[in-house]
>>> print(open('structure.cif').read())   # mmCIF, C-alpha atoms and all ligand atoms
data_structure
#
loop_
_atom_site.label_atom_id
_atom_site.label_comp_id
_atom_site.auth_asym_id
_atom_site.auth_seq_id
_atom_site.Cartn_x
_atom_site.Cartn_y
_atom_site.Cartn_z
CA MET A 27 -199.48 148.39 23.04
CA LEU A 28 -197.79 147.40 19.78
CA GLY A 29 -195.30 149.45 17.78
CA MET A 30 -196.75 151.11 14.64
CA ASP A 31 -193.92 149.66 12.52
CA PHE A 32 -194.76 146.18 13.84
CA ILE A 33 -198.46 146.65 13.03
CA LYS A 34 -197.73 147.76 9.45
CA ALA A 35 -195.26 144.93 8.87
CA ASN A 36 -197.49 142.26 10.47
CA ARG A 37 -201.10 143.18 9.67
CA PRO A 38 -202.38 139.57 9.32
CA THR A 39 -200.80 138.65 12.69
CA VAL A 40 -202.38 141.68 14.38
CA GLU A 41 -205.77 141.01 12.73
CA ARG A 42 -205.61 137.40 13.94
CA ALA A 43 -204.75 138.50 17.50
CA ILE A 44 -207.69 140.96 17.45
CA ARG A 45 -209.98 138.14 16.35
CA ASP A 46 -208.58 135.41 18.64
CA LYS A 47 -208.67 137.65 21.73
CA GLY A 48 -212.19 138.78 20.97
CA VAL A 49 -211.17 142.44 20.71
CA THR A 50 -213.41 145.03 19.05
CA LEU A 51 -210.99 147.24 17.13
CA ASP A 52 -211.04 148.65 13.59
CA LEU A 53 -207.41 148.37 12.48
CA ASP A 54 -208.13 150.27 9.24
CA ALA A 55 -209.44 153.21 11.28
CA LEU A 56 -206.35 153.08 13.50
CA LEU A 57 -203.99 153.09 10.51
CA ALA A 58 -206.00 155.85 8.78
CA LEU A 59 -205.70 157.99 11.92
CA ASP A 60 -201.96 157.39 11.96
CA GLY A 61 -201.78 158.43 8.29
CA ASP A 62 -203.80 161.59 8.95
CA ALA A 63 -201.60 162.52 11.91
CA ARG A 64 -198.42 162.04 9.86
CA ALA A 65 -199.83 164.15 6.98
CA LEU A 66 -200.81 166.92 9.39
CA LYS A 67 -197.32 166.89 10.96
CA THR A 68 -195.74 167.26 7.51
CA GLU A 69 -198.08 170.13 6.62
CA ILE A 70 -197.34 171.87 9.92
CA ASP A 71 -193.59 171.48 9.40
CA ASN A 72 -193.89 172.90 5.86
CA LEU A 73 -195.89 175.86 7.13
CA ARG A 74 -193.33 176.51 9.86
CA ALA A 75 -190.52 176.29 7.28
CA SER A 76 -192.24 178.75 4.93
CA ARG A 77 -192.95 181.13 7.82
CA ASN A 78 -189.26 181.01 8.83
CA ALA A 79 -188.23 181.62 5.22
CA ILE A 80 -190.48 184.68 5.12
CA SER A 81 -189.08 185.97 8.42
CA ALA A 82 -185.55 185.53 7.07
CA ARG A 83 -186.43 187.70 4.04
CA PHE A 84 -188.18 190.27 6.23
CA LYS A 85 -185.16 192.24 7.50
CA ASP A 86 -183.69 192.81 3.98
CA ALA A 87 -187.06 193.47 2.36
CA ARG A 88 -187.99 196.90 0.90
CA PRO A 89 -190.46 198.87 3.10
CA GLU A 90 -193.34 198.43 0.62
CA GLU A 91 -192.82 194.57 0.75
CA LYS A 92 -192.73 194.29 4.56
CA ALA A 93 -196.51 194.55 5.06
CA ALA A 94 -197.21 191.77 2.56
CA LEU A 95 -194.48 189.55 4.02
CA GLY A 96 -195.79 190.17 7.55
CA ALA A 97 -199.31 189.19 6.49
CA GLU A 98 -197.99 186.05 4.74
CA ALA A 99 -196.06 185.00 7.86
CA LYS A 100 -199.11 185.66 10.05
CA ALA A 101 -201.34 183.59 7.78
CA ALA A 102 -198.88 180.68 7.78
CA GLY A 103 -198.70 180.85 11.58
CA ALA A 104 -202.49 180.89 11.93
CA LYS A 105 -202.86 177.92 9.59
CA ALA A 106 -200.18 176.00 11.52
CA SER A 107 -202.03 176.60 14.82
CA GLU A 108 -205.29 175.43 13.29
CA LEU A 109 -203.63 172.25 12.00
CA GLU A 110 -201.93 171.67 15.38
CA ALA A 111 -205.35 171.65 17.04
CA GLN A 112 -206.55 169.10 14.48
CA LEU A 113 -203.39 167.04 15.08
CA GLY A 114 -204.00 167.04 18.84
CA ALA A 115 -207.49 165.66 18.36
CA LYS A 116 -206.28 162.97 15.93
CA GLU A 117 -203.47 161.92 18.30
CA THR A 118 -205.87 161.62 21.25
CA GLU A 119 -208.21 159.44 19.19
CA LEU A 120 -205.26 157.36 17.94
CA LYS A 121 -203.93 156.87 21.50
CA GLN A 122 -207.32 155.54 22.60
CA LEU A 123 -207.31 152.97 19.80
CA MET A 124 -203.65 152.02 20.41
CA LEU A 125 -204.54 151.16 24.04
CA LYS A 126 -207.04 148.57 22.75
CA LEU A 127 -204.46 146.67 20.68
CA PRO A 128 -203.96 143.10 21.96
CA GLY A 129 -200.59 141.55 22.66
CA ILE A 130 -199.86 138.80 20.12
CA PRO A 131 -200.60 135.41 21.74
CA TRP A 132 -198.03 132.64 21.38
CA ASP A 133 -198.68 129.87 18.86
CA GLY A 134 -199.20 127.26 21.57
CA ALA A 135 -202.21 129.02 23.10
CA PRO A 136 -205.48 127.16 22.48
CA VAL A 137 -207.53 129.43 20.20
CA GLY A 138 -210.95 130.08 21.69
CA PRO A 139 -213.16 132.79 23.19
CA ASP A 140 -213.06 131.74 26.84
CA GLU A 141 -211.76 129.45 29.60
CA SER A 142 -213.64 126.45 28.22
CA PHE A 143 -210.83 126.22 25.64
CA ASN A 144 -208.11 126.09 28.31
CA THR A 145 -206.09 122.87 28.47
CA VAL A 146 -204.38 121.05 31.34
CA ILE A 147 -200.62 120.81 30.85
CA ARG A 148 -199.80 118.74 33.94
CA SER A 149 -201.04 117.93 37.42
CA GLU A 150 -199.08 117.33 40.60
CA GLY A 151 -200.13 115.60 43.83
CA ALA A 152 -202.88 113.06 44.38
CA VAL A 153 -206.23 114.48 45.46
CA PRO A 154 -207.00 113.26 49.00
CA LYS A 155 -209.33 110.35 49.65
CA PHE A 156 -211.12 110.96 52.94
CA ASP A 157 -212.42 108.04 55.01
CA PHE A 158 -214.88 110.48 56.61
CA GLU A 159 -217.32 113.10 55.31
CA PRO A 160 -215.03 116.10 54.70
CA LEU A 161 -216.11 119.61 55.65
CA ASP A 162 -215.79 122.64 53.42
CA HIS A 163 -213.55 125.50 54.51
CA VAL A 164 -216.44 127.53 55.96
CA ALA A 165 -217.51 124.64 58.21
CA LEU A 166 -213.90 124.05 59.28
CA ILE A 167 -213.55 127.75 60.10
CA GLU A 168 -216.78 127.81 62.08
CA LYS A 169 -215.88 124.62 63.97
CA ASN A 170 -212.50 126.06 64.98
CA GLU A 171 -213.63 129.68 65.34
CA TRP A 172 -210.95 130.74 62.90
CA ALA A 173 -212.90 133.63 61.41
CA ASP A 174 -215.97 135.77 61.76
CA LEU A 175 -217.74 135.51 58.44
CA SER A 176 -221.13 136.81 59.49
CA ARG A 177 -220.67 139.81 61.83
CA ILE A 178 -218.09 141.31 59.52
CA VAL A 179 -220.54 141.24 56.61
CA GLN A 180 -222.81 143.49 58.71
CA VAL A 181 -219.90 145.88 59.15
CA SER A 182 -218.23 145.73 55.75
CA GLY A 183 -220.72 144.19 53.34
CA SER A 184 -220.60 141.02 51.26
CA ARG A 185 -217.35 139.42 50.04
CA THR A 186 -215.41 140.60 53.11
CA TYR A 187 -213.81 138.41 55.75
CA CYS A 188 -211.97 138.62 59.06
CA LEU A 189 -209.80 135.76 60.26
CA LYS A 190 -209.31 135.09 63.95
CA GLY A 191 -206.88 133.23 66.19
CA ARG A 192 -204.40 130.84 64.59
CA LEU A 193 -205.78 131.21 61.10
CA ALA A 194 -205.26 134.98 61.31
CA LEU A 195 -201.67 134.30 62.41
CA LEU A 196 -201.21 131.74 59.62
CA GLU A 197 -202.40 134.14 56.90
CA THR A 198 -199.88 136.78 57.94
CA LYS A 199 -197.07 134.25 58.33
CA LEU A 200 -197.83 132.71 54.93
CA MET A 201 -197.32 136.13 53.34
CA GLY A 202 -193.94 136.41 55.08
CA TRP A 203 -193.10 132.83 54.10
CA ALA A 204 -193.89 133.58 50.43
CA LEU A 205 -191.84 136.81 50.52
CA ASP A 206 -188.90 134.90 52.06
CA ARG A 207 -189.03 132.18 49.41
CA ILE A 208 -189.23 134.57 46.47
CA ALA A 209 -186.54 136.80 48.02
CA ALA A 210 -184.33 133.72 48.39
CA ALA A 211 -184.73 133.24 44.62
CA GLY A 212 -183.17 136.68 44.05
CA PHE A 213 -186.27 138.89 43.96
CA THR A 214 -186.18 142.19 45.88
CA PRO A 215 -188.95 142.23 48.46
CA ILE A 216 -190.95 145.43 48.03
CA THR A 217 -194.20 146.59 49.62
CA VAL A 218 -196.32 148.75 47.34
CA PRO A 219 -199.53 150.71 47.81
CA ALA A 220 -202.82 149.64 46.29
CA ILE A 221 -203.47 153.35 45.72
CA ALA A 222 -202.36 154.38 42.24
CA ARG A 223 -203.12 156.95 39.59
CA GLU A 224 -205.08 156.24 36.41
CA GLN A 225 -201.92 156.13 34.27
CA ALA A 226 -200.61 153.16 36.26
CA PHE A 227 -203.75 151.18 35.40
CA LEU A 228 -203.44 152.15 31.73
CA ASN A 229 -199.78 151.10 31.79
CA GLN A 230 -200.43 147.71 33.39
CA GLY A 231 -203.47 147.00 31.20
CA GLN A 232 -206.34 147.05 33.71
CA PHE A 233 -207.58 150.19 31.94
CA PRO A 234 -209.32 151.04 29.70
CA GLY A 235 -211.10 147.67 29.57
CA HIS A 236 -211.78 146.93 33.25
CA VAL A 237 -212.51 150.25 34.92
CA GLU A 238 -215.79 149.00 36.40
CA GLU A 239 -213.96 146.23 38.27
CA THR A 240 -211.75 148.78 40.01
CA TYR A 241 -212.49 150.74 43.21
CA ALA A 242 -212.26 154.46 42.42
CA LEU A 243 -211.16 157.27 44.77
CA PRO A 244 -212.64 160.17 42.78
CA ASN A 245 -211.83 162.85 45.39
CA ASP A 246 -208.19 161.88 45.18
CA ASP A 247 -207.76 161.27 41.45
CA ALA A 248 -206.75 157.68 42.22
CA PHE A 249 -207.95 154.08 42.22
CA LEU A 250 -207.29 150.97 44.35
CA ALA A 251 -205.31 148.27 42.54
CA GLY A 252 -206.30 144.61 42.53
CA THR A 253 -202.65 143.53 42.35
CA ALA A 254 -199.16 144.84 43.15
CA GLU A 255 -198.52 144.42 39.40
CA VAL A 256 -200.15 147.82 38.84
CA ALA A 257 -197.66 149.81 40.94
CA LEU A 258 -194.67 147.65 39.98
CA THR A 259 -195.27 148.05 36.24
CA SER A 260 -195.03 151.86 36.54
CA LEU A 261 -192.26 152.08 39.13
CA HIS A 262 -189.58 152.60 36.45
CA SER A 263 -191.76 154.41 33.91
CA GLY A 264 -189.85 156.97 31.87
CA GLU A 265 -186.41 155.79 32.97
CA ILE A 266 -183.78 154.36 30.63
CA VAL A 267 -182.40 151.52 32.76
CA ASP A 268 -178.83 150.37 32.19
CA GLY A 269 -179.17 146.98 30.50
CA ALA A 270 -176.51 145.60 32.82
CA LYS A 271 -178.94 146.17 35.70
CA LEU A 272 -181.59 143.92 34.17
CA PRO A 273 -183.48 141.80 35.08
CA ILE A 274 -185.24 143.85 37.73
CA LEU A 275 -186.92 141.30 40.01
CA TYR A 276 -189.52 142.32 42.59
CA ALA A 277 -191.41 140.28 45.17
CA GLY A 278 -194.23 142.77 45.59
CA TYR A 279 -196.46 142.57 48.66
CA SER A 280 -199.66 144.59 48.82
CA PRO A 281 -203.30 144.55 49.82
CA CYS A 282 -205.44 143.97 46.71
CA PHE A 283 -208.89 145.41 46.07
CA ARG A 284 -211.39 144.14 43.51
CA ARG A 285 -215.03 145.09 43.01
CA GLU A 286 -215.70 141.70 41.37
CA ALA A 287 -218.30 143.58 39.32
CA GLY A 288 -218.77 140.74 36.88
CA SER A 289 -218.90 137.94 39.46
CA ALA A 290 -222.38 138.28 40.94
CA GLY A 291 -223.45 134.92 42.35
CA LYS A 292 -220.01 133.30 41.86
CA ASP A 293 -218.16 131.91 44.91
CA VAL A 294 -220.41 133.76 47.34
CA ARG A 295 -219.63 131.33 50.22
CA GLY A 296 -216.43 131.78 52.13
CA LEU A 297 -212.99 132.95 51.15
CA LEU A 298 -212.55 132.21 47.44
CA ARG A 299 -213.60 135.58 46.03
CA VAL A 300 -213.46 138.67 48.30
CA HIS A 301 -213.15 142.40 47.75
CA GLN A 302 -209.91 142.85 49.69
CA PHE A 303 -207.13 140.29 49.95
CA LEU A 304 -203.36 139.97 50.35
CA LYS A 305 -200.89 138.88 47.70
CA VAL A 306 -197.18 138.41 47.20
CA GLU A 307 -196.47 139.05 43.52
CA GLN A 308 -193.51 137.92 41.44
CA TRP A 309 -192.59 140.64 38.92
CA VAL A 310 -189.86 140.69 36.25
CA MET A 311 -188.53 143.39 33.91
CA CYS A 312 -186.00 141.78 31.55
CA GLU A 313 -184.29 142.39 28.21
CA ALA A 314 -186.48 142.24 25.09
CA ASP A 315 -185.49 138.68 24.31
CA GLU A 316 -188.11 135.97 23.74
CA GLU A 317 -185.86 133.18 25.02
CA MET A 318 -185.16 135.12 28.20
CA SER A 319 -188.86 135.82 28.72
CA ALA A 320 -189.60 132.12 28.25
CA GLU A 321 -186.96 131.22 30.86
CA TRP A 322 -188.39 133.71 33.36
CA HIS A 323 -191.88 132.40 32.69
CA ALA A 324 -190.72 128.89 33.57
CA THR A 325 -188.94 130.17 36.70
CA LEU A 326 -191.99 132.10 37.94
CA LEU A 327 -194.13 129.01 37.45
CA ARG A 328 -191.65 126.74 39.22
CA LEU A 329 -191.35 129.08 42.23
CA ALA A 330 -195.12 128.99 42.67
CA GLU A 331 -195.31 125.23 42.12
CA ASP A 332 -192.52 124.65 44.65
CA MET A 333 -194.63 126.48 47.26
CA LEU A 334 -197.74 124.47 46.43
CA GLN A 335 -195.71 121.27 46.69
CA ALA A 336 -194.32 122.43 50.05
CA MET A 337 -197.90 123.05 51.17
CA GLU A 338 -198.81 119.57 49.85
CA ILE A 339 -201.71 121.02 47.85
CA PRO A 340 -202.57 119.01 44.71
CA TYR A 341 -202.70 121.28 41.65
CA GLN A 342 -202.77 121.40 37.87
CA VAL A 343 -201.11 123.79 35.44
CA ILE A 344 -203.36 125.28 32.77
CA GLU A 345 -202.54 126.63 29.29
CA THR A 346 -205.02 129.49 28.92
CA SER A 347 -206.81 130.14 25.64
CA THR A 348 -206.44 133.29 23.55
CA GLY A 349 -209.86 134.47 24.79
CA ASP A 350 -209.13 133.82 28.45
CA MET A 351 -205.55 135.07 28.81
CA GLY A 352 -206.37 138.78 28.71
CA LEU A 353 -205.62 141.60 26.30
CA GLY A 354 -201.89 142.07 26.76
CA LYS A 355 -200.66 138.53 27.31
CA TYR A 356 -198.34 136.59 25.04
CA ARG A 357 -198.76 133.53 27.25
CA MET A 358 -200.62 132.81 30.50
CA ASN A 359 -200.46 129.68 32.63
CA ASP A 360 -202.86 129.50 35.56
CA ILE A 361 -202.20 127.12 38.41
CA GLU A 362 -205.37 125.60 39.84
CA SER A 363 -205.39 124.04 43.32
CA TRP A 364 -207.63 121.14 44.34
CA VAL A 365 -210.70 122.13 46.41
CA PRO A 366 -212.27 118.95 47.82
CA SER A 367 -215.64 120.53 48.71
CA LEU A 368 -216.07 121.66 45.11
CA ASP A 369 -214.57 118.45 43.74
CA LYS A 370 -212.63 120.57 41.28
CA TYR A 371 -209.44 122.55 40.78
CA ARG A 372 -209.72 126.32 41.28
CA GLU A 373 -207.31 129.02 40.13
CA THR A 374 -204.87 130.16 42.84
CA HIS A 375 -202.01 131.53 40.65
CA SER A 376 -201.73 133.22 37.28
CA CYS A 377 -198.37 133.39 35.44
CA SER A 378 -198.04 135.77 32.48
CA THR A 379 -195.53 136.75 29.81
CA LEU A 380 -196.29 140.08 28.14
CA HIS A 381 -193.17 140.77 26.05
CA ASP A 382 -193.08 144.56 25.46
CA TRP A 383 -196.86 145.15 25.49
CA GLN A 384 -196.84 146.70 28.99
CA ALA A 385 -193.39 148.27 28.51
CA ARG A 386 -194.66 150.28 25.52
CA ARG A 387 -197.63 151.52 27.57
CA ALA A 388 -195.55 152.22 30.68
CA ASN A 389 -192.49 153.50 28.76
CA LEU A 390 -190.18 150.94 30.40
CA ARG A 391 -186.90 151.16 28.45
CA TYR A 392 -183.30 150.07 28.81
CA ARG A 393 -180.00 150.69 27.01
CA ASP A 394 -178.69 147.40 25.61
CA ALA A 395 -175.04 146.31 25.32
CA GLU A 396 -174.77 148.06 21.91
CA GLY A 397 -176.11 151.28 23.43
CA LYS A 398 -179.48 150.95 21.68
CA VAL A 399 -182.51 152.10 23.71
CA ARG A 400 -185.23 149.43 23.68
CA PHE A 401 -188.54 148.63 25.34
CA ALA A 402 -188.14 145.89 27.97
CA HIS A 403 -190.17 142.72 28.50
CA THR A 404 -192.29 142.22 31.63
CA LEU A 405 -193.69 139.12 33.33
CA ASN A 406 -195.61 138.43 36.51
CA ASN A 407 -196.96 135.54 38.55
CA THR A 408 -198.74 135.10 41.83
CA ALA A 409 -196.41 133.89 44.56
CA LEU A 410 -199.21 133.48 47.10
CA ALA A 411 -202.61 135.12 47.48
CA SER A 412 -204.66 134.89 50.67
CA PRO A 413 -207.36 134.09 51.69
CA ARG A 414 -208.00 132.06 48.52
CA ILE A 415 -205.01 129.76 49.18
CA LEU A 416 -206.44 128.96 52.63
CA VAL A 417 -209.36 127.19 50.98
CA PRO A 418 -207.35 124.29 49.48
CA LEU A 419 -204.91 124.39 52.40
CA LEU A 420 -207.60 123.86 55.05
CA GLU A 421 -209.76 121.46 53.08
CA ASN A 422 -207.03 119.14 51.79
CA HIS A 423 -205.39 118.78 55.23
CA GLN A 424 -208.46 118.38 57.41
CA THR A 425 -208.82 115.40 59.75
CA ALA A 426 -211.91 113.42 60.79
CA ASP A 427 -212.21 115.44 64.00
CA GLY A 428 -212.30 118.73 62.07
CA ARG A 429 -208.77 119.79 62.79
CA VAL A 430 -206.23 120.77 60.12
CA ARG A 431 -202.85 119.10 59.93
CA LEU A 432 -200.11 121.55 58.95
CA PRO A 433 -197.82 120.41 56.12
CA ALA A 434 -194.28 119.95 57.47
CA ALA A 435 -192.99 123.02 55.59
CA LEU A 436 -195.42 125.28 57.47
CA ARG A 437 -195.02 123.91 60.98
CA ASP A 438 -192.15 126.25 61.84
CA LEU A 439 -194.44 129.16 61.06
CA MET A 440 -196.76 127.99 63.81
CA GLY A 441 -194.35 127.15 66.61
CA GLY A 442 -193.57 123.68 65.32
CA ASP A 443 -197.12 122.46 65.94
CA GLU A 444 -198.42 119.60 63.83
CA TYR A 445 -201.94 121.03 63.77
CA LEU A 446 -203.25 124.51 63.05
N1 LIG B 501 -211.49 138.48 44.39
C1 LIG B 501 -210.48 137.71 44.79
N2 LIG B 501 -210.51 137.18 46.04
C2 LIG B 501 -209.49 136.40 46.49
N3 LIG B 501 -208.40 136.10 45.75
C3 LIG B 501 -208.34 136.63 44.50
C4 LIG B 501 -209.34 137.44 43.96
N4 LIG B 501 -208.97 137.81 42.69
C5 LIG B 501 -207.77 137.22 42.46
N5 LIG B 501 -207.39 136.52 43.55
C6 LIG B 501 -206.14 135.77 43.70
O1 LIG B 501 -205.09 136.50 43.08
C7 LIG B 501 -204.47 135.67 42.12
C8 LIG B 501 -203.92 136.52 41.00
O2 LIG B 501 -204.97 137.25 40.42
S1 LIG B 501 -204.98 137.38 38.87
O3 LIG B 501 -205.85 138.43 38.53
O4 LIG B 501 -205.28 136.08 38.34
N6 LIG B 501 -203.48 137.72 38.41
C9 LIG B 501 -202.78 138.76 38.88
O5 LIG B 501 -203.25 139.57 39.66
C10 LIG B 501 -201.32 138.82 38.42
N7 LIG B 501 -200.75 140.07 38.82
C11 LIG B 501 -200.56 137.64 39.01
O6 LIG B 501 -200.70 137.61 40.41
C12 LIG B 501 -205.56 134.71 41.68
O7 LIG B 501 -205.01 133.56 41.09
C13 LIG B 501 -206.22 134.42 43.02
O8 LIG B 501 -205.45 133.49 43.76
#
>>> encode(input="structure.cif", output="structure tokens", more="lines below")
Ligand SMILES: Nc1ncnc2c1ncn2[C@@H]1O[C@H](COS(=O)(=O)NC(=O)[C@@H](N)CO)[C@@H](O)[C@H]1O
Amino acid sequence: MLGMDFIKANRPTVERAIRDKGVTLDLDALLALDGDARALKTEIDNLRASRNAISARFKDARPEEKAALGAEAKAAGAKASELEAQLGAKETELKQLMLKLPGIPWDGAPVGPDESFNTVIRSEGAVPKFDFEPLDHVALIEKNEWADLSRIVQVSGSRTYCLKGRLALLETKLMGWALDRIAAAGFTPITVPAIAREQAFLNQGQFPGHVEETYALPNDDAFLAGTAEVALTSLHSGEIVDGAKLPILYAGYSPCFRREAGSAGKDVRGLLRVHQFLKVEQWVMCEADEEMSAEWHATLLRLAEDMLQAMEIPYQVIETSTGDMGLGKYRMNDIESWVPSLDKYRETHSCSTLHDWQARRANLRYRDAEGKVRFAHTLNNTALASPRILVPLLENHQTADGRVRLPAALRDLMGGDEYL
């Protein structure tokens, strides 16, 4: 969401954001609706004022005037109610359009309609050179009986998985490891439900544009979130937080559910793209200060990169294009990890700055040092998401005999063993 004052003062910027993010939105219609609503409010106020003036005259009026005055007051009241109904309809229509407004992308974002315009900012870690024919993660799993990828599909359908034995232990321990690391950086560990009401998805930005990608619970007036970001973004909705208590930092852990409606045929083998997965999420609510947001963006990225370096997974950091970053983003950097079997980097983390775009939707406000109430800024980044992270982890560290060597930083998780 953008503020109406901002829109009016920055029309060319908003028009450019609408174009560069590929949004279908008639800004003239939005502004006309706002004008109509304001005019109706003025008319309703005038009618109320005239009706009050009539009522004030009523008690001192002569008997023969009272009937006329009463009729006048009644007419004014009826007209006001009629206009209030019109105002309600205009405001509903306006709200729908306001929810489609894009966040303004930063100047450094490559302008383009999709991920083909993304650029690589930097890469870390040399991709492994195997002196044997490497296996992909599915073959490694089958060889070591680390998962059941076929029976479970009979039980739960495609894009589901169940890990077994040491890989099942590793997944759970990796989630704890990620929570520990982000908590050590000052974030409050918090477990949140995937179940959330529609408003939470509107606030975070998944709705209205991506309803079909979301599991619905129609009997319970709720949906299943694809990220802890949904619950976290609405946790402080409606509050006015004391500015001295910012930044609010959460390490959010939750199951994540995604229908992957638009991904038919993509990543159908193995663990890259599943309907239910686990994620530790880094989430920030900070003061409405662009410098501060930029600093938190860099911190969220570094925390994720530090974990990838500890896991000795080669990766690259991506600057996402205006068309790929998503409706509300000011800036988004994906981190892509090297997947040997695909001979390419694949996204494992997504770091976003949203300025006050979510805060305006979620009504996240704080009182600043001067006592002024302001909308906050929000940011988020993946700390670790499983099972996708297991794909580069297993494949990069495999040995000729089909075992997987644990990076030193993870050995303590698995009893000090060198191999998974
Ligand atoms: N269908 C899926 N299956 C497995 N992992 C997924 C799936 N969808 C997303 N992920 C993982 O979750 C990470 C974050 O997803 S995201 O949509 O890009 N971004 C978010 O959810 C943000 N809240 C930051 O975490 C992805 O980088 C990927 O590692």
>>> closest_residue(input="structure.cif", among="A:Gln424, A:Gln335, A:Gln232, A:Asn72", to="ligand LIG 501 (chain B)", atoms="all atoms listed in the file")
A:Gln232
>>> residues_near_ligand(input="structure.cif", ligand="ligand LIG 501 (chain B)", cutoff="7 Å", atoms="all atoms listed in the file", output="NGL selection string")
:A and (252-255 or 284 or 286 or 297-303 or 305 or 307 or 373-377 or 406-408 or 411-415)
>>> residues_near_point(input="structure.cif", point="(-209.9, 128.3, 39.6)", cutoff="6 Å", atoms="all atoms listed in the file", output="JSON, numbers by chain")
{"A": [362, 371, 372, 373]}
>>> closest_residue(input="structure.cif", among="A:Ala94, A:His403, A:Ile44, A:Arg192", to="A:Asp443", atoms="only C-alpha atoms")
A:Arg192
>>> residues_around(input="structure.cif", residues="A:Glu141", least_positions_apart="4", cutoff="12 Å", atoms="all atoms listed in the file", output="list in words")
Lys47, Ala135, Pro136, Val137, Thr145, Val146, Ile344, Glu345, Thr346, Ser347, Thr348, Gly349, Asp350, Met351, Gly352, Met358, Asn359, Asp360 and Glu373 of chain A
>>> residues_around(input="structure.cif", residues="stretch 204-220 of chain A", least_positions_apart="4", cutoff="9 Å", atoms="all atoms listed in the file", output="PyMOL selection string")
chain A and resi 199-200+249-254+256-258+274-283+306-310+329-330+333+409-410
>>> atom_distance(input="structure.cif", atom1="atom CA of A:Gly151", atom2="atom CA of A:Leu334")
9.5 Å
>>> atom_distance(input="structure.cif", atom1="atom CA of A:Ser363", atom2="atom CA of A:Pro418")
6.5 Å
>>> atom_distance(input="structure.cif", atom1="atom CA of A:Met201", atom2="atom CA of A:Thr259")
20.9 Å
>>> residues_around(input="structure.cif", residues="A:Asp315", least_positions_apart="3", cutoff="12 Å", atoms="only C-alpha atoms", output="PyMOL selection string")
chain A and resi 272-273+311-312+318-322+379-382+394+400-404
>>> closest_residue(input="structure.cif", among="A:Arg77, A:Lys355, A:Lys105, A:Arg429", to="A:Gln230", atoms="all atoms listed in the file")
A:Lys355
>>> build_atoms(input="structure.cif", residues="stretch 202-213 of chain A", atoms="N, CA and C atoms", output="short mmCIF file (atom, residue, chain, number, x, y, z; two decimals), in the coordinates of the input")
data_model
loop_
_atom_site.label_atom_id
_atom_site.label_comp_id
_atom_site.auth_asym_id
_atom_site.auth_seq_id
_atom_site.Cartn_x
_atom_site.Cartn_y
_atom_site.Cartn_z
N GLY A 202 -195.38 136.27 54.81
CA GLY A 202 -193.94 136.41 55.08
C GLY A 202 -193.17 135.24 54.51
N TRP A 203 -193.74 134.06 54.63
CA TRP A 203 -193.10 132.83 54.10
C TRP A 203 -192.92 132.95 52.60
N ALA A 204 -193.96 133.43 51.90
CA ALA A 204 -193.89 133.58 50.43
C ALA A 204 -192.84 134.64 50.07
N LEU A 205 -192.83 135.76 50.80
CA LEU A 205 -191.84 136.81 50.52
C LEU A 205 -190.42 136.23 50.71
N ASP A 206 -190.23 135.48 51.80
CA ASP A 206 -188.90 134.90 52.06
C ASP A 206 -188.47 134.00 50.92
N ARG A 207 -189.40 133.15 50.44
CA ARG A 207 -189.03 132.18 49.41
C ARG A 207 -188.70 132.87 48.10
N ILE A 208 -189.49 133.88 47.75
CA ILE A 208 -189.23 134.57 46.47
C ILE A 208 -187.98 135.44 46.61
N ALA A 209 -187.77 136.02 47.79
CA ALA A 209 -186.54 136.80 48.02
C ALA A 209 -185.32 135.88 47.91
N ALA A 210 -185.46 134.68 48.44
CA ALA A 210 -184.33 133.72 48.39
C ALA A 210 -184.00 133.34 46.94
N ALA A 211 -184.96 133.55 46.05
CA ALA A 211 -184.73 133.24 44.62
C ALA A 211 -184.16 134.46 43.89
N GLY A 212 -183.84 135.52 44.67
CA GLY A 212 -183.17 136.68 44.05
C GLY A 212 -184.08 137.85 43.76
N PHE A 213 -185.34 137.77 44.20
CA PHE A 213 -186.27 138.89 43.96
C PHE A 213 -186.17 139.88 45.13
#
